[in-house]
Amino acid sequence: MDTEAQPTERDRSSRPSDAGADQAPDAQGQEDRSRSSLVAPITDWLPGGRITLTVLLCLVLVLLVNTFVLQPFQIPSGSMEQGLRIGDRVLVNKLAYRFGAEPRRGDVVVFDGTGYFGHADYIKRVVGVGGDHVVCCDKEGRIEVNGRPVDESTFLYPGDSPSAVPFDIAVPEGTLFVLGDHRSNSSDSRDHLGSPGGGMIPVGDVVGRADWIVWPFGHWTHLTRPGAYARVPAADHADG
């Protein structure tokens, strides 16, 4: 009786092909050569070759990040002292309000003030959002938002009052009421209440939210929303 094991069809099909194994390195080499052939004409044309190409790709990446994701912004004045000082550089998160989220009370935002504040970008703190009722001031000299007093002592410039200018405003939907932290040295929504737009900033003109102070290194910190604003009720739950 013939007892020698005979290979089954499955055994035959499962064996790696010697021809295929021989061809694999060559196929990989062809792929590498194909990739190289795409880069070679560019590097041959560019002065500096691969080094110049690498630099250009890095510049394009930085440009894309600066345009769509993060943008540095230098503090031009003392209107946000003591937290943000003249010359500080903050990193602005340009995606913060791009996917359905909107600015919230207490956020520090950078916005285009063209047509409202002036032909420049500005940085201020959001005090009121669309639908809010903002009043200054209560009997204790505090700003009220939707009937709730806001304790601004943790970020207001030492010695400043919340506002020397009284106001009682309703913030239109789609806009923001903004103030500087150094109230006695800030041109903000209070100074434009009688101007077109009533000093309000359209949400669409917000460049992004300032999330980090990145320069100087000694002042490096994460900018967070003050807890005082978290206790403000929504406009539709306001007292009165």
# chains A, B, ... in the order shown; residues from 1 in each chain; ligands from 1

$ residues_around --residues "Ala230 in chain A" --least-positions-apart "3" --cutoff "8 Å" --atoms "only C-alpha atoms" --output "list in words"
Arg105, Pro226 and Gly227 of chain A

$ write_last_selection --atoms "N, CA, C and O atoms" --output "mmCIF file, in the first residue's frame"
data_model
loop_
_atom_site.group_PDB
_atom_site.id
_atom_site.type_symbol
_atom_site.label_atom_id
_atom_site.label_comp_id
_atom_site.auth_asym_id
_atom_site.auth_seq_id
_atom_site.Cartn_x
_atom_site.Cartn_y
_atom_site.Cartn_z
ATOM 1 N N ARG A 105 -19.232 83.737 26.654
ATOM 2 C CA ARG A 105 -18.877 84.803 27.596
ATOM 3 C C ARG A 105 -17.576 84.433 28.301
ATOM 4 O O ARG A 105 -17.417 83.321 28.791
ATOM 5 N N PRO A 226 -12.866 82.579 32.519
ATOM 6 C CA PRO A 226 -13.096 82.790 33.954
ATOM 7 C C PRO A 226 -14.378 82.116 34.426
ATOM 8 O O PRO A 226 -15.401 82.128 33.734
ATOM 9 N N GLY A 227 -14.321 81.535 35.611
ATOM 10 C CA GLY A 227 -15.482 80.840 36.143
ATOM 11 C C GLY A 227 -16.662 81.745 36.401
ATOM 12 O O GLY A 227 -17.807 81.290 36.445
#

$ residues_around --residues "Val135 in chain A" --least-positions-apart "3" --cutoff "12 Å" --atoms "only C-alpha atoms" --output "ChimeraX atom specification"
/A:127-128,132,138-139,141-150,162-163,165-171,177,190

$ write_last_selection --atoms "N, CA, C and O atoms" --output "tab-separated table (two decimals), in the first residue's frame"
chain	number	residue	atom	x	y	z
A	127	VAL	N	-18.11	89.74	26.74
A	127	VAL	CA	-18.91	89.95	27.95
A	127	VAL	C	-20.36	89.55	27.70
A	127	VAL	O	-21.04	89.04	28.59
A	128	GLY	N	-20.86	89.80	26.49
A	128	GLY	CA	-22.23	89.44	26.16
A	128	GLY	C	-22.31	88.80	24.79
A	128	GLY	O	-21.59	89.20	23.87
A	132	ASP	N	-28.22	88.45	25.03
A	132	ASP	CA	-27.92	88.85	26.41
A	132	ASP	C	-28.37	90.28	26.70
A	132	ASP	O	-28.41	91.14	25.82
A	138	ASP	N	-24.45	97.42	38.87
A	138	ASP	CA	-25.37	97.22	39.98
A	138	ASP	C	-24.94	98.08	41.17
A	138	ASP	O	-23.99	98.89	41.06
A	139	LYS	N	-25.59	97.93	42.31
A	139	LYS	CA	-25.31	98.78	43.47
A	139	LYS	C	-23.89	98.59	44.00
A	139	LYS	O	-23.34	99.48	44.66
A	141	GLY	N	-21.36	98.09	41.97
A	141	GLY	CA	-20.45	98.48	40.90
A	141	GLY	C	-20.05	97.35	39.97
A	141	GLY	O	-19.06	97.46	39.25
A	142	ARG	N	-20.82	96.27	39.93
A	142	ARG	CA	-20.49	95.13	39.08
A	142	ARG	C	-21.35	95.13	37.82
A	142	ARG	O	-22.49	95.58	37.83
A	143	ILE	N	-20.79	94.60	36.74
A	143	ILE	CA	-21.56	94.41	35.52
A	143	ILE	C	-22.54	93.26	35.74
A	143	ILE	O	-22.21	92.26	36.37
A	144	GLU	N	-23.74	93.42	35.22
A	144	GLU	CA	-24.74	92.36	35.28
A	144	GLU	C	-25.01	91.83	33.87
A	144	GLU	O	-25.14	92.61	32.93
A	145	VAL	N	-25.06	90.52	33.75
A	145	VAL	CA	-25.42	89.90	32.48
A	145	VAL	C	-26.63	88.99	32.75
A	145	VAL	O	-26.55	88.07	33.57
A	146	ASN	N	-27.71	89.31	32.08
A	146	ASN	CA	-28.97	88.56	32.27
A	146	ASN	C	-29.39	88.50	33.74
A	146	ASN	O	-29.86	87.48	34.25
A	147	GLY	N	-29.21	89.64	34.41
A	147	GLY	CA	-29.63	89.76	35.80
A	147	GLY	C	-28.67	89.20	36.82
A	147	GLY	O	-28.91	89.29	38.03
A	148	ARG	N	-27.55	88.61	36.38
A	148	ARG	CA	-26.57	88.01	37.30
A	148	ARG	C	-25.31	88.87	37.35
A	148	ARG	O	-24.68	89.11	36.31
A	149	PRO	N	-24.90	89.35	38.54
A	149	PRO	CA	-23.66	90.12	38.63
A	149	PRO	C	-22.45	89.24	38.35
A	149	PRO	O	-22.44	88.05	38.70
A	150	VAL	N	-21.45	89.82	37.70
A	150	VAL	CA	-20.24	89.08	37.34
A	150	VAL	C	-19.06	89.63	38.13
A	150	VAL	O	-18.76	90.83	38.06
A	162	PRO	N	-15.37	98.16	36.84
A	162	PRO	CA	-15.88	97.47	35.64
A	162	PRO	C	-16.19	98.42	34.50
A	162	PRO	O	-16.01	98.07	33.33
A	163	SER	N	-16.65	99.63	34.81
A	163	SER	CA	-16.87	100.64	33.78
A	163	SER	C	-17.22	101.97	34.42
A	163	SER	O	-18.04	102.03	35.33
A	165	VAL	N	-18.41	104.19	32.48
A	165	VAL	CA	-19.51	104.59	31.59
A	165	VAL	C	-20.70	103.67	31.84
A	165	VAL	O	-20.59	102.45	31.64
A	166	PRO	N	-21.84	104.20	32.28
A	166	PRO	CA	-23.02	103.34	32.48
A	166	PRO	C	-23.62	102.92	31.13
A	166	PRO	O	-23.54	103.65	30.15
A	167	PHE	N	-24.19	101.75	31.08
A	167	PHE	CA	-24.86	101.30	29.87
A	167	PHE	C	-25.90	100.25	30.22
A	167	PHE	O	-25.85	99.60	31.27
A	168	ASP	N	-26.85	100.11	29.35
A	168	ASP	CA	-27.92	99.12	29.49
A	168	ASP	C	-28.28	98.69	28.08
A	168	ASP	O	-29.01	99.40	27.37
A	169	ILE	N	-27.76	97.56	27.65
A	169	ILE	CA	-27.90	97.18	26.24
A	169	ILE	C	-28.40	95.75	26.10
A	169	ILE	O	-28.17	94.90	26.96
A	170	ALA	N	-29.06	95.51	24.98
A	170	ALA	CA	-29.44	94.15	24.58
A	170	ALA	C	-28.57	93.78	23.39
A	170	ALA	O	-28.50	94.53	22.39
A	171	VAL	N	-27.90	92.65	23.47
A	171	VAL	CA	-26.97	92.23	22.41
A	171	VAL	C	-27.76	91.53	21.31
A	171	VAL	O	-28.40	90.51	21.55
A	177	PHE	N	-20.77	91.61	22.52
A	177	PHE	CA	-20.42	92.82	23.26
A	177	PHE	C	-19.10	92.53	23.94
A	177	PHE	O	-18.99	91.59	24.73
A	190	ARG	N	-18.12	99.87	24.55
A	190	ARG	CA	-18.70	101.04	25.23
A	190	ARG	C	-18.50	102.33	24.44
A	190	ARG	O	-19.36	103.21	24.46

$ residues_around --residues "Phe117 in chain A" --least-positions-apart "2" --cutoff "10 Å" --atoms "only C-alpha atoms" --output "number ranges by chain"
A: 111-115, 119-122, 187-189, 191-192, 195, 199-201

$ write_last_selection --atoms "N, CA and C atoms" --output "short mmCIF file (atom, residue, chain, number, x, y, z; two decimals), in the first residue's frame"
data_model
loop_
_atom_site.label_atom_id
_atom_site.label_comp_id
_atom_site.auth_asym_id
_atom_site.auth_seq_id
_atom_site.Cartn_x
_atom_site.Cartn_y
_atom_site.Cartn_z
N PHE A 111 -10.64 89.76 16.57
CA PHE A 111 -11.63 90.00 15.53
C PHE A 111 -11.20 91.14 14.62
N ASP A 112 -11.77 91.14 13.43
CA ASP A 112 -11.52 92.20 12.45
C ASP A 112 -12.48 93.35 12.76
N GLY A 113 -11.92 94.48 13.15
CA GLY A 113 -12.74 95.62 13.55
C GLY A 113 -13.12 96.55 12.42
N THR A 114 -12.82 96.19 11.19
CA THR A 114 -13.13 97.05 10.05
C THR A 114 -14.62 97.37 9.99
N GLY A 115 -14.92 98.67 9.95
CA GLY A 115 -16.30 99.11 9.88
C GLY A 115 -16.96 99.27 11.23
N HIS A 119 -9.70 99.92 11.09
CA HIS A 119 -9.16 99.00 10.08
C HIS A 119 -7.98 98.22 10.65
N ALA A 120 -8.29 97.31 11.55
CA ALA A 120 -7.24 96.49 12.17
C ALA A 120 -7.90 95.32 12.90
N ASP A 121 -7.06 94.40 13.35
CA ASP A 121 -7.53 93.32 14.21
C ASP A 121 -7.41 93.76 15.66
N TYR A 122 -8.37 93.36 16.47
CA TYR A 122 -8.41 93.73 17.89
C TYR A 122 -8.55 92.48 18.74
N SER A 187 -10.43 100.94 24.34
CA SER A 187 -11.49 101.39 23.44
C SER A 187 -12.23 100.13 22.99
N ASP A 188 -13.47 99.99 23.42
CA ASP A 188 -14.20 98.76 23.17
C ASP A 188 -15.66 99.06 22.85
N SER A 189 -16.53 98.10 23.08
CA SER A 189 -17.94 98.26 22.70
C SER A 189 -18.58 99.49 23.34
N ASP A 191 -17.37 102.42 23.74
CA ASP A 191 -17.04 103.65 23.02
C ASP A 191 -17.76 103.77 21.69
N HIS A 192 -18.47 102.72 21.28
CA HIS A 192 -19.12 102.74 19.97
C HIS A 192 -20.62 102.46 20.06
N SER A 195 -22.43 104.36 17.53
CA SER A 195 -21.95 104.21 16.16
C SER A 195 -22.77 103.17 15.42
N GLY A 199 -21.61 99.27 18.53
CA GLY A 199 -20.46 98.74 19.24
C GLY A 199 -20.39 97.23 19.28
N MET A 200 -21.35 96.56 18.64
CA MET A 200 -21.37 95.09 18.64
C MET A 200 -20.49 94.54 17.51
N ILE A 201 -19.89 93.39 17.77
CA ILE A 201 -19.01 92.75 16.80
C ILE A 201 -19.72 91.55 16.18
#

$ atom_distance --atom1 "CA of Val110 in chain A" --atom2 "CA of Lys124 in chain A"
6.8 Å

$ closest_residue --among "A:Phe73, A:Gly78, A:Asp205, A:Leu84" --to "His219 in chain A" --atoms "only C-alpha atoms"
A:Leu84

$ select_by_dssp --residues "range 34-218 of chain A" --states "helix (DSSP H, G or I)" --output "ChimeraX atom specification"
/A:34-45,50-68,183-185,189-192,203-205,217-218

$ write_last_selection --atoms "C-alpha atoms" --output "JSON list (two decimals), in the first residue's frame"
[["chain", "number", "residue", "atom", "x", "y", "z"],
["A", 34, "SER", "CA", 8.70, 55.58, -9.55],
["A", 35, "ARG", "CA", 8.57, 57.85, -6.50],
["A", 36, "SER", "CA", 12.06, 59.10, -7.17],
["A", 37, "SER", "CA", 11.17, 59.86, -10.78],
["A", 38, "LEU", "CA", 8.48, 62.27, -9.59],
["A", 39, "VAL", "CA", 10.85, 64.21, -7.35],
["A", 40, "ALA", "CA", 13.91, 64.20, -9.57],
["A", 41, "PRO", "CA", 12.61, 66.63, -12.26],
["A", 42, "ILE", "CA", 11.58, 69.11, -9.57],
["A", 43, "THR", "CA", 14.85, 68.96, -7.68],
["A", 44, "ASP", "CA", 16.81, 69.23, -10.93],
["A", 45, "TRP", "CA", 14.88, 72.38, -11.85],
["A", 50, "ARG", "CA", 16.21, 68.71, -2.41],
["A", 51, "ILE", "CA", 17.10, 71.28, 0.26],
["A", 52, "THR", "CA", 15.15, 74.02, -1.53],
["A", 53, "LEU", "CA", 12.21, 71.65, -2.12],
["A", 54, "THR", "CA", 12.12, 70.73, 1.58],
["A", 55, "VAL", "CA", 12.17, 74.39, 2.60],
["A", 56, "LEU", "CA", 9.35, 75.22, 0.18],
["A", 57, "LEU", "CA", 7.20, 72.35, 1.46],
["A", 58, "CYS", "CA", 7.76, 73.51, 5.03],
["A", 59, "LEU", "CA", 6.74, 77.05, 4.08],
["A", 60, "VAL", "CA", 3.57, 75.80, 2.42],
["A", 61, "LEU", "CA", 2.73, 73.77, 5.54],
["A", 62, "VAL", "CA", 3.28, 76.81, 7.78],
["A", 63, "LEU", "CA", 1.12, 78.93, 5.48],
["A", 64, "LEU", "CA", -1.72, 76.40, 5.58],
["A", 65, "VAL", "CA", -1.56, 76.14, 9.38],
["A", 66, "ASN", "CA", -1.44, 79.94, 9.72],
["A", 67, "THR", "CA", -4.41, 80.36, 7.37],
["A", 68, "PHE", "CA", -6.72, 77.66, 8.65],
["A", 183, "ARG", "CA", -11.18, 99.19, 31.30],
["A", 184, "SER", "CA", -9.67, 102.64, 31.86],
["A", 185, "ASN", "CA", -7.30, 102.09, 28.92],
["A", 189, "SER", "CA", -17.94, 98.26, 22.70],
["A", 190, "ARG", "CA", -18.70, 101.04, 25.23],
["A", 191, "ASP", "CA", -17.04, 103.65, 23.02],
["A", 192, "HIS", "CA", -19.12, 102.74, 19.97],
["A", 203, "VAL", "CA", -19.60, 86.75, 15.10],
["A", 204, "GLY", "CA", -18.56, 86.28, 11.48],
["A", 205, "ASP", "CA", -15.76, 88.83, 11.96],
["A", 217, "PHE", "CA", 8.64, 82.30, 27.48],
["A", 218, "GLY", "CA", 8.47, 83.66, 31.00]]

$ residues_around --residues "Ile213 in chain A" --least-positions-apart "2" --cutoff "6 Å" --atoms "only C-alpha atoms" --output "number ranges by chain"
A: 89-90, 215, 220-221

$ atom_distance --atom1 "CA of Ala96 in chain A" --atom2 "CA of Ser186 in chain A"
24.8 Å
